[in-house]
file query.csv (CSV, C-alpha atoms and all ligand atoms)
chain,number,residue,atom,x,y,z
I,1,MET,CA,113.1,175.6,147.5
I,2,GLY,CA,115.2,175.7,150.6
I,3,LEU,CA,115.7,177.6,153.8
I,4,GLU,CA,117.0,180.7,151.9
I,5,SER,CA,113.7,181.1,150.2
I,6,ALA,CA,112.0,181.7,153.6
I,7,LEU,CA,114.5,184.4,154.5
I,8,PRO,CA,115.0,187.9,153.0
I,9,SER,CA,117.8,187.8,150.5
I,10,ASP,CA,119.9,190.4,152.4
I,11,SER,CA,119.8,188.5,155.7
I,12,VAL,CA,122.9,188.2,157.8
I,13,LEU,CA,123.6,185.4,160.3
I,14,THR,CA,126.2,185.7,162.9
I,15,THR,CA,127.7,182.9,164.9
I,16,SER,CA,131.1,181.7,166.2
I,17,LEU,CA,133.6,180.0,164.0
I,18,ASN,CA,133.6,177.1,166.4
I,19,ARG,CA,129.9,176.5,166.0
I,20,VAL,CA,130.1,176.4,162.3
I,21,VAL,CA,133.1,174.1,162.3
I,22,ASN,CA,131.5,171.7,164.8
I,23,TRP,CA,128.2,171.8,162.8
I,24,ALA,CA,130.1,170.9,159.6
I,25,ARG,CA,132.1,168.2,161.4
I,26,ARG,CA,129.1,166.5,163.0
I,27,SER,CA,127.1,166.7,159.8
I,28,SER,CA,129.7,164.9,157.7
I,29,VAL,CA,131.2,162.2,159.8
I,30,TRP,CA,133.1,159.8,157.5
I,31,PRO,CA,133.4,156.3,159.0
I,32,MET,CA,136.2,153.9,158.4
I,33,PRO,CA,134.7,150.4,158.8
I,34,PHE,CA,137.0,147.9,160.4
I,35,ALA,CA,134.6,144.9,160.1
I,36,THR,CA,136.0,141.5,160.8
I,37,ALA,CA,133.0,139.4,161.7
I,38,CYS,CA,129.2,139.2,162.0
I,39,CYS,CA,128.9,142.7,163.5
I,40,GLY,CA,130.1,143.9,160.1
I,41,ILE,CA,126.8,142.7,158.5
I,42,GLU,CA,124.8,144.9,160.9
I,43,LEU,CA,127.2,147.8,160.1
I,44,MET,CA,126.4,147.3,156.4
I,45,ALA,CA,122.7,147.1,157.2
I,46,THR,CA,122.9,150.5,158.9
I,47,ALA,CA,123.7,152.2,155.6
I,48,CYS,CA,120.9,150.4,153.7
I,49,SER,CA,117.6,152.1,152.9
I,50,ARG,CA,115.7,150.7,155.9
I,51,PHE,CA,117.9,152.4,158.5
I,52,ASP,CA,119.5,155.0,156.2
I,53,LEU,CA,122.6,156.3,157.9
I,54,ALA,CA,122.6,159.1,155.3
I,55,ARG,CA,120.0,160.9,157.4
I,56,PHE,CA,122.8,161.6,159.9
I,57,GLY,CA,125.3,162.5,157.3
I,58,ALA,CA,127.5,159.5,158.1
I,59,GLU,CA,127.0,157.2,155.2
I,60,VAL,CA,130.1,158.0,153.3
I,61,MET,CA,132.2,154.9,154.3
I,62,ARG,CA,135.8,155.6,153.4
I,63,PHE,CA,138.2,152.8,153.0
I,64,SER,CA,141.2,155.1,153.4
I,65,PRO,CA,142.0,156.1,156.9
I,66,ARG,CA,143.4,159.4,155.7
I,67,GLN,CA,139.8,160.4,154.6
I,68,SER,CA,138.0,159.1,157.7
I,69,ASP,CA,137.4,160.6,161.1
I,70,LEU,CA,135.3,157.8,162.7
I,71,LEU,CA,136.8,154.3,163.2
I,72,ILE,CA,134.1,151.7,163.7
I,73,VAL,CA,135.6,148.4,165.0
I,74,ALA,CA,132.9,145.8,164.3
I,75,GLY,CA,133.8,142.3,165.2
I,76,ARG,CA,136.5,140.4,167.0
I,77,VAL,CA,140.1,141.4,166.5
I,78,SER,CA,142.8,138.8,166.5
I,79,VAL,CA,146.2,139.5,167.9
I,80,LYS,CA,147.6,139.0,164.4
I,81,THR,CA,145.2,141.7,163.0
I,82,LEU,CA,145.9,144.2,165.8
I,83,PRO,CA,148.9,145.9,164.2
I,84,VAL,CA,146.7,146.7,161.2
I,85,LEU,CA,144.0,148.2,163.4
I,86,GLN,CA,146.6,150.3,165.2
I,87,ARG,CA,148.2,151.5,161.9
I,88,ILE,CA,144.8,152.5,160.5
I,89,TYR,CA,144.0,154.4,163.7
I,90,ALA,CA,147.4,156.2,163.6
I,91,GLN,CA,146.9,157.1,159.9
I,92,MET,CA,143.5,158.8,160.6
I,93,ALA,CA,143.6,162.6,160.8
I,94,GLU,CA,142.7,164.5,164.0
I,95,PRO,CA,140.1,165.0,165.3
I,96,LYS,CA,139.0,161.4,165.2
I,97,TRP,CA,136.7,159.2,167.1
I,98,VAL,CA,136.4,155.5,167.7
I,99,ILE,CA,133.3,153.3,168.2
I,100,SER,CA,133.7,149.8,169.5
I,101,MET,CA,130.7,147.9,168.1
I,102,GLY,CA,129.6,144.7,169.8
I,103,ALA,CA,130.7,142.4,172.6
I,104,CYS,CA,133.7,141.0,170.7
I,105,ALA,CA,135.3,144.4,169.9
I,106,SER,CA,134.7,145.7,173.4
I,107,THR,CA,135.6,142.6,175.4
I,108,GLY,CA,136.5,139.7,173.2
I,109,GLY,CA,133.0,138.4,173.6
I,110,VAL,CA,132.7,134.6,173.9
I,111,PHE,CA,136.2,134.2,172.3
I,112,ASP,CA,138.1,134.0,175.5
I,113,THR,CA,141.3,132.7,173.8
I,114,TYR,CA,144.9,133.7,173.5
I,115,ALA,CA,144.4,134.6,169.8
I,116,VAL,CA,141.7,137.2,170.3
I,117,VAL,CA,142.1,140.7,171.7
I,118,GLN,CA,140.0,141.0,174.9
I,119,GLY,CA,138.9,144.5,174.2
I,120,VAL,CA,140.3,146.9,171.6
I,121,ASP,CA,140.4,149.7,174.2
I,122,GLN,CA,143.6,148.1,175.6
I,123,PHE,CA,145.3,149.3,172.4
I,124,ILE,CA,143.4,152.2,170.9
I,125,PRO,CA,141.3,154.8,172.7
I,126,VAL,CA,137.5,154.0,172.4
I,127,ASP,CA,135.0,156.8,172.6
I,128,VAL,CA,131.7,154.9,172.5
I,129,TYR,CA,130.9,151.3,173.3
I,130,VAL,CA,127.9,149.9,171.5
I,131,PRO,CA,126.5,146.9,173.3
I,132,GLY,CA,125.0,143.8,171.7
I,133,CYS,CA,125.9,140.6,170.0
I,134,PRO,CA,125.3,141.9,167.4
I,135,PRO,CA,124.0,145.4,168.1
I,136,ARG,CA,121.1,146.3,165.9
I,137,PRO,CA,121.6,149.1,163.4
I,138,GLU,CA,119.5,151.4,165.5
I,139,MET,CA,122.0,150.9,168.4
I,140,LEU,CA,125.0,151.8,166.1
I,141,ILE,CA,123.1,154.9,165.0
I,142,GLU,CA,122.6,155.8,168.6
I,143,GLY,CA,126.4,155.4,169.1
I,144,ILE,CA,127.1,157.7,166.1
I,145,MET,CA,124.6,160.2,167.4
I,146,ALA,CA,126.4,160.2,170.8
I,147,ILE,CA,129.6,161.2,169.0
I,148,GLN,CA,127.7,163.9,167.0
I,149,ARG,CA,126.4,165.3,170.3
I,150,ILE,CA,130.0,165.4,171.7
I,151,ILE,CA,131.2,167.1,168.5
I,152,ASP,CA,128.4,169.7,168.8
I,153,GLU,CA,129.4,170.5,172.3
I,154,ASP,CA,133.1,170.8,171.2
I,155,ASN,CA,133.8,168.5,174.1
I,156,ILE,CA,137.1,167.0,173.2
I,157,PRO,CA,139.0,166.2,176.4
I,158,ARG,CA,142.7,166.5,176.2
I,159,ASP,CA,145.5,165.5,178.5
I,160,PRO,CA,148.2,168.0,179.6
I,161,SER,CA,150.3,167.1,176.5
I,162,GLY,CA,147.5,168.1,174.2
I,163,LYS,CA,146.7,164.6,173.2
I,164,ARG,CA,143.0,163.7,173.0
I,165,ARG,CA,141.7,161.3,175.7
I,166,ALA,CA,139.1,158.6,174.9
I,167,LEU,CA,135.5,159.6,175.9
I,168,ASN,CA,134.6,156.1,177.2
I,169,ILE,CA,130.9,156.4,176.7
I,170,ALA,CA,129.0,153.1,177.2
I,171,LEU,CA,125.5,153.1,175.7
I,172,ARG,CA,122.7,151.3,177.6
I,173,PRO,CA,121.1,148.4,175.8
I,174,ASN,CA,117.9,149.5,174.2
I,175,TYR,CA,115.9,146.3,174.6
I,176,GLU,CA,113.8,144.9,177.4
I,177,PRO,CA,115.2,141.6,178.6
I,178,HIS,CA,112.7,138.8,179.1
I,179,ALA,CA,112.9,135.7,181.3
I,180,GLN,CA,113.7,132.6,179.2
I,181,PRO,CA,112.0,130.5,178.1
I,182,LEU,CA,109.1,132.7,177.1
I,183,PRO,CA,105.7,131.3,178.0
I,184,VAL,CA,103.8,130.0,175.0
I,185,THR,CA,100.0,129.8,174.9
I,186,ILE,CA,98.6,127.7,172.1
I,187,GLY,CA,95.4,128.9,170.7
I,188,ALA,CA,95.4,132.2,172.6
I,189,THR,CA,93.5,135.0,170.9
I,201,LIG,S1,129.6,140.6,169.1
I,201,LIG,FE1,128.4,138.8,168.4
I,201,LIG,S2,127.7,139.4,166.3
I,201,LIG,FE2,129.4,140.8,166.9
I,201,LIG,S3,131.3,139.8,166.0
I,201,LIG,FE3,131.0,139.1,168.1
I,201,LIG,S4,129.9,137.2,167.9
I,201,LIG,FE4,129.6,138.3,166.0
call {"tool": "encode", "arguments": {"input": "query.csv", "output": "structure tokens", "more": "lines below"}}
Ligand code: SF4
result
Amino acid sequence: MGLESALPSDSVLTTSLNRVVNWARRSSVWPMPFATACCGIELMATACSRFDLARFGAEVMRFSPRQSDLLIVAGRVSVKTLPVLQRIYAQMAEPKWVISMGACASTGGVFDTYAVVQGVDQFIPVDVYVPGCPPRPEMLIEGIMAIQRIIDEDNIPRDPSGKRRALNIALRPNYEPHAQPLPVTIGAT
């Protein structure tokens, strides 16, 4: 029982090749997880049944860059690890996208030291920045959906040499900040 059962068997659909290709691309994003720290745990949680990344067609984590089109950098990257990250990015096939997940990947976070890269976007193009320390799985899913919307629109900016430019989309935090400390009322009903 599927869509085809609701349509006459001799139906014809017409569309542009671009739309079909983009639909297939955005419905089957294959992430390459580059998880180095605590953000990686949230990345793993995103694929579990509670959040179910499979609903967005992006649960097939590949551990080979040649089979991936979405690099998710989750966690701090040390200067020593950086060449590995750059090599993985270079080995991924075009078109490819990059998510910088969490404060550490985007800015170095609290690790303001000579050994930690102060933002991976200094070395690889980042399309979507997911804020948080760590970002919740919903926030990462929002980042993946932002990439899917861009793929849908076929909006891949290129420079004059034909090389793809980073999209540089920063998501807004999806929580309401509260003044600290929170007031506590004992015995309130
Ligand atoms: S942003 Fe926070 S949760 Fe993520 S790797 Fe850094 S310290 Fe850990």
call {"tool": "atom_distance", "arguments": {"input": "query.csv", "atom1": "CA of Val126 in chain I", "atom2": "CA of Ser49 in chain I"}}
result
27.9 Å
call {"tool": "atom_distance", "arguments": {"input": "query.csv", "atom1": "CA of Thr81 in chain I", "atom2": "CA of Leu53 in chain I"}}
result
27.4 Å
call {"tool": "closest_residue", "arguments": {"input": "query.csv", "among": "I:Leu171, I:Met61, I:Ala37, I:Val29", "to": "ligand LIG 201 (chain I)", "atoms": "all atoms listed in the file"}}
result
I:Ala37
call {"tool": "residues_around", "arguments": {"input": "query.csv", "residues": "range 82-94 of chain I", "least_positions_apart": "4", "cutoff": "7 Å", "atoms": "all atoms listed in the file", "output": "ChimeraX atom specification"}}
result
/I:65-66,68-69,77-78,124
call {"tool": "closest_residue", "arguments": {"input": "query.csv", "among": "I:Leu167, I:Leu43, I:Ala74, I:Cys48", "to": "ligand LIG 201 (chain I)", "atoms": "all atoms listed in the file"}}
result
I:Ala74
call {"tool": "residues_near_ligand", "arguments": {"input": "query.csv", "ligand": "ligand LIG 201 (chain I)", "cutoff": "12 Å", "atoms": "all atoms listed in the file", "output": "NGL selection string"}}
result
:I and (34-43 or 73-78 or 100-112 or 116-119 or 129-137 or 140)
call {"tool": "atom_distance", "arguments": {"input": "query.csv", "atom1": "CA of Arg164 in chain I", "atom2": "CA of Met139 in chain I"}}
result
25.0 Å
call {"tool": "closest_residue", "arguments": {"input": "query.csv", "among": "I:Glu138, I:Arg149, I:Ile169, I:Lys96", "to": "Thr46 in chain I", "atoms": "all atoms listed in the file"}}
result
I:Glu138
call {"tool": "closest_residue", "arguments": {"input": "query.csv", "among": "I:Ala166, I:Leu13, I:Val21, I:Met145", "to": "Phe56 in chain I", "atoms": "all atoms listed in the file"}}
result
I:Met145
call {"tool": "closest_residue", "arguments": {"input": "query.csv", "among": "I:Lys163, I:Asp121, I:Ser64, I:Val128", "to": "Ile144 in chain I", "atoms": "only C-alpha atoms"}}
result
I:Val128
call {"tool": "closest_residue", "arguments": {"input": "query.csv", "among": "I:Arg158, I:Arg55, I:Arg19, I:Arg62", "to": "Pro31 in chain I", "atoms": "all atoms listed in the file"}}
result
I:Arg62
call {"tool": "residues_around", "arguments": {"input": "query.csv", "residues": "Ile151 in chain I", "least_positions_apart": "6", "cutoff": "8 Å", "atoms": "only C-alpha atoms", "output": "PyMOL selection string"}}
result
chain I and resi 22-23+25-26
